[in-house]
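Participant: Provided herewith: input_27.cif, mmCIF, C-alpha atoms.
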```
data_my_file
loop_
_atom_site.label_atom_id
_atom_site.label_comp_id
_atom_site.auth_asym_id
_atom_site.auth_seq_id
_atom_site.Cartn_x
_atom_site.Cartn_y
_atom_site.Cartn_z
CA GLN A 161 11.33 -1.17 -7.32
CA VAL A 162 14.35 1.03 -7.97
CA GLN A 163 17.66 0.64 -6.20
CA LEU A 164 20.09 3.52 -5.94
CA VAL A 165 23.77 3.01 -5.14
CA GLU A 166 26.05 5.95 -4.42
CA SER A 167 29.82 6.01 -4.69
CA GLY A 168 32.66 8.50 -4.69
CA GLY A 169 32.69 9.78 -1.13
CA GLY A 170 35.84 10.12 0.93
CA LEU A 171 38.20 12.44 2.72
CA VAL A 172 39.31 15.60 0.93
CA GLN A 173 41.13 18.75 2.00
CA PRO A 174 39.38 22.12 1.97
CA GLY A 175 39.42 23.55 -1.53
CA GLY A 176 39.54 20.11 -3.09
CA SER A 177 37.09 18.29 -5.33
CA LEU A 178 35.09 15.08 -5.33
CA ARG A 179 32.69 13.52 -7.77
CA LEU A 180 29.79 11.49 -6.45
CA SER A 181 27.92 9.04 -8.64
CA CYS A 182 24.62 7.26 -8.21
CA VAL A 183 23.61 4.30 -10.34
CA ALA A 184 19.96 3.30 -10.56
CA SER A 185 18.53 -0.11 -11.35
CA GLY A 186 15.69 -0.64 -13.78
CA ASN A 187 14.84 0.71 -17.19
CA ILE A 188 12.76 3.80 -16.38
CA PHE A 189 15.55 5.98 -14.99
CA SER A 190 14.96 8.65 -17.63
CA LEU A 191 11.47 9.28 -16.24
CA PHE A 192 12.68 10.16 -12.75
CA ALA A 193 13.71 13.49 -11.40
CA MET A 194 16.89 12.99 -9.36
CA GLY A 195 18.35 14.77 -6.41
CA TRP A 196 21.29 14.87 -4.06
CA TYR A 197 20.61 15.41 -0.37
CA ARG A 198 23.04 15.66 2.50
CA GLN A 199 22.86 15.25 6.23
CA ALA A 200 25.53 16.74 8.45
CA PRO A 201 26.03 15.51 12.00
CA GLY A 202 23.25 16.80 14.22
CA LYS A 203 21.36 18.40 11.35
CA GLN A 204 18.35 17.55 9.27
CA ARG A 205 18.77 16.08 5.80
CA GLU A 206 18.53 18.77 3.14
CA LEU A 207 18.18 18.86 -0.63
CA VAL A 208 21.25 20.50 -2.18
CA ALA A 209 20.92 19.76 -5.91
CA GLU A 210 18.20 18.47 -8.19
CA ILE A 211 17.69 17.71 -11.86
CA THR A 212 14.48 17.10 -13.75
CA SER A 213 13.98 14.30 -16.25
CA GLY A 214 14.56 16.95 -18.92
CA GLY A 215 17.84 18.13 -17.44
CA VAL A 216 16.79 21.34 -15.70
CA THR A 217 18.86 21.87 -12.57
CA ASN A 218 18.49 23.70 -9.29
CA TYR A 219 20.84 24.20 -6.33
CA SER A 220 20.78 25.38 -2.78
CA ASP A 221 22.46 28.72 -2.19
CA SER A 222 25.11 27.01 -0.06
CA VAL A 223 26.46 25.01 -3.02
CA LYS A 224 25.53 27.13 -6.01
CA GLY A 225 28.56 27.85 -8.17
CA ARG A 226 30.57 25.04 -6.58
CA PHE A 227 28.51 21.90 -7.21
CA THR A 228 27.18 20.61 -10.53
CA ILE A 229 24.55 17.92 -10.92
CA SER A 230 24.30 15.98 -14.17
CA ARG A 231 22.68 12.83 -15.49
CA ASP A 232 23.42 10.21 -18.11
CA ASN A 233 20.23 8.38 -18.94
CA ALA A 234 22.06 5.84 -21.10
CA LYS A 235 24.03 4.76 -18.04
CA ASN A 236 21.24 5.22 -15.45
CA THR A 237 23.58 7.55 -13.58
CA VAL A 238 23.32 10.88 -11.83
CA SER A 239 26.48 12.62 -10.67
CA LEU A 240 27.43 15.46 -8.39
CA GLN A 241 30.69 17.26 -9.12
CA MET A 242 31.78 19.09 -5.99
CA ASN A 243 34.49 21.72 -6.24
CA SER A 244 35.97 24.20 -3.77
CA LEU A 245 34.85 21.99 -0.90
CA LYS A 246 34.54 23.48 2.57
CA PRO A 247 34.53 21.83 6.00
CA GLU A 248 30.82 22.66 6.25
CA ASP A 249 30.19 20.38 3.25
CA THR A 250 31.04 17.41 5.47
CA ALA A 251 27.99 15.15 5.49
CA VAL A 252 26.50 11.89 4.33
CA TYR A 253 25.28 12.47 0.77
CA TYR A 254 22.19 10.65 -0.44
CA CYS A 255 20.87 10.12 -3.93
CA ALA A 256 17.11 10.25 -4.40
CA ALA A 257 14.71 9.48 -7.22
CA ASP A 258 11.24 10.87 -7.48
CA LEU A 259 8.15 10.75 -9.66
CA THR A 260 5.51 12.16 -7.33
CA MET A 261 6.82 15.05 -5.25
CA GLY A 262 7.95 17.34 -8.04
CA LEU A 263 11.67 16.90 -7.48
CA GLY A 264 13.56 19.11 -9.87
CA ILE A 265 11.58 22.22 -9.06
CA LEU A 266 11.43 21.97 -5.28
CA PRO A 267 12.97 24.64 -3.08
CA CYS A 268 16.34 23.37 -1.92
CA GLY A 269 17.38 23.29 1.70
CA TYR A 270 14.55 21.10 2.89
CA ASN A 271 13.86 17.41 3.37
CA TYR A 272 11.16 15.83 1.22
CA ASP A 273 9.60 12.41 1.04
CA MET A 274 11.17 10.88 -2.07
CA ASP A 275 10.09 7.72 -3.84
CA TYR A 276 13.51 6.07 -3.59
CA TRP A 277 16.70 6.63 -1.60
CA GLY A 278 20.23 5.38 -1.73
CA LYS A 279 22.06 4.39 1.45
CA GLY A 280 24.43 7.35 1.31
CA THR A 281 28.12 8.03 0.94
CA LEU A 282 30.22 9.97 3.46
CA VAL A 283 32.09 13.08 2.41
CA THR A 284 34.57 14.50 4.90
CA VAL A 285 36.27 17.82 4.22
CA SER A 286 39.14 18.30 6.60
CA SER A 287 42.81 19.20 6.68
#
```
Please, can you express the file's structure as structure tokens?
Facilitator:
Amino acid sequence: QVQLVESGGGLVQPGGSLRLSCVASGNIFSLFAMGWYRQAPGKQRELVAEITSGGVTNYSDSVKGRFTISRDNAKNTVSLQMNSLKPEDTAVYYCAADLTMGLGILPCGYNYDMDYWGKGTLVTVSS
């Protein structure tokens, strides 16, 4: 069993930055592909950024060039640096870990059945 705990959400003004972190339990973190999903009010959860166990990344068009996903296997951590935030980035952000669905090379913008989920952290972009 793997537990994922997100942190770093909060209120930020448009144009600002936030850094989300997700810490995983266990000692096989390096084997997992990791992803960041988000769910805005009234919308379906969608994959916005993913990273393979080898460090290959992929982003949805809506965040490409503004968000950066990274991982530190020594610290069992995956992070999401979010810059130039917009009101439409307001959502609950979820960390996910996956061994079976091919996370890391999935088309972004959709919701997939991941092996493990965090409980989410709220990001609000508002003036």
Participant: From the options A:Gly269, A:Ser244, A:Trp277, A:Val165, which residue's atoms come nearest to A:Tyr219, counting all atoms listed in the file?
Facilitator: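 When distances to A:Tyr219 are compared using all atoms listed in the file, the smallest one comes from A:Gly269.
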Participant: Might you spell out which residues the PyMOL selection byres ((chain A and resi 230-242) around 6) would select in the displayed file, as a ChimeraX atom specification?
Facilitator: /A:177-184,189-190,227-229,243
Participant: Please work out which residues fall within 7 Å of (17.6, 1.6, -2.5), coordinates as given in the file, with only C-alpha atoms counting, and return them as a list in words.
Facilitator: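 Final list of nearby residues, as requested, is Val162, Gln163, Leu164, Val165, Tyr276, Trp277, Gly278 and Lys279 of chain A.
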Participant: How far is it from atom CA of A:Asp275 to atom CA of A:Glu248, in Å with one decimal?
Facilitator: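 Pair atom CA of A:Asp275 / atom CA of A:Glu248 returns 27.5 Å.
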Participant: If we draw a sphere of 10 Å around (9.9, 15.0, 2.8), which residues have at least one atom in it when counting all atoms listed in the file? Please report them as a list in words.
Facilitator: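 Protein and nucleic acid residues near the point are Arg205, Glu206, Leu207, Met261, Tyr270, Asn271, Tyr272, Asp273, Met274 and Asp275 of chain A.
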Participant: What's the separation between atom CA of A:Cys255 and atom CA of A:Met194, in Å to one decimal place?
Facilitator: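 Result for atom CA of A:Cys255 versus atom CA of A:Met194: 7.3 Å, one decimal.
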Participant: Which residues come within 7 Å of A:Val172, counting only C-alpha atoms, excluding same-chain residues fewer than 2 positions away, as a PyMOL selection string?
Facilitator: chain A and resi 170+174+176+284-286
Participant: Would you save the residues of that selection, restricted to C-alpha atoms, as a PDB file, in the coordinates of the input?
Facilitator:
```pdb
ATOM      1  CA  GLY A 170      35.840  10.120   0.930  1.00  0.00           C
ATOM      2  CA  PRO A 174      39.380  22.120   1.970  1.00  0.00           C
ATOM      3  CA  GLY A 176      39.540  20.110  -3.090  1.00  0.00           C
ATOM      4  CA  THR A 284      34.570  14.500   4.900  1.00  0.00           C
ATOM      5  CA  VAL A 285      36.270  17.820   4.220  1.00  0.00           C
ATOM      6  CA  SER A 286      39.140  18.300   6.600  1.00  0.00           C
TER       7      SER A 286
END
```
Participant: Restricting the calculation to only C-alpha atoms: of A:Gly195, A:Ala251, A:Ala200, A:Gly262, which residue gets closest to A:Ser220?
Facilitator: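 When distances to A:Ser220 are compared using only C-alpha atoms, the smallest one comes from A:Gly195.
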Participant: Name the closest residue to A:Gly169 among the candidates A:Asn218, A:Thr212, A:Gln204, A:Thr281; distances are taken between atoms, counting all atoms listed in the file.
Facilitator: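 Under the stated criterion, the closest residue is A:Thr281.
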Participant: Grab the atom CA of A:Gly175 to atom CA of A:Ala209 distance for me, in Å with one decimal place.
Facilitator: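 It comes out at 19.4 Å.
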Participant: Which residue, A:Leu171, A:Cys268, A:Val208, A:Val216, has the smallest gap to A:Tyr253 when you use all atoms listed in the file?
Facilitator: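 Checking each candidate against A:Tyr253, we get A:Val208 as the closest.
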Participant: Could you check the closest approach to A:Gly264 for each of A:Ser287, A:Tyr197, A:Thr217, A:Gln161 and tell me which residue wins, using all atoms listed in the file?
Facilitator: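 So, comparing all the options, the nearest one is A:Thr217.
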Participant: From the set A:Leu266, A:Val283, A:Ile211, A:Ala193, which residue has the shortest atom-to-atom contact distance to A:Val252, counting all atoms listed in the file?
Facilitator: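 Using all atoms listed in the file, A:Val252 sits closest to A:Val283.
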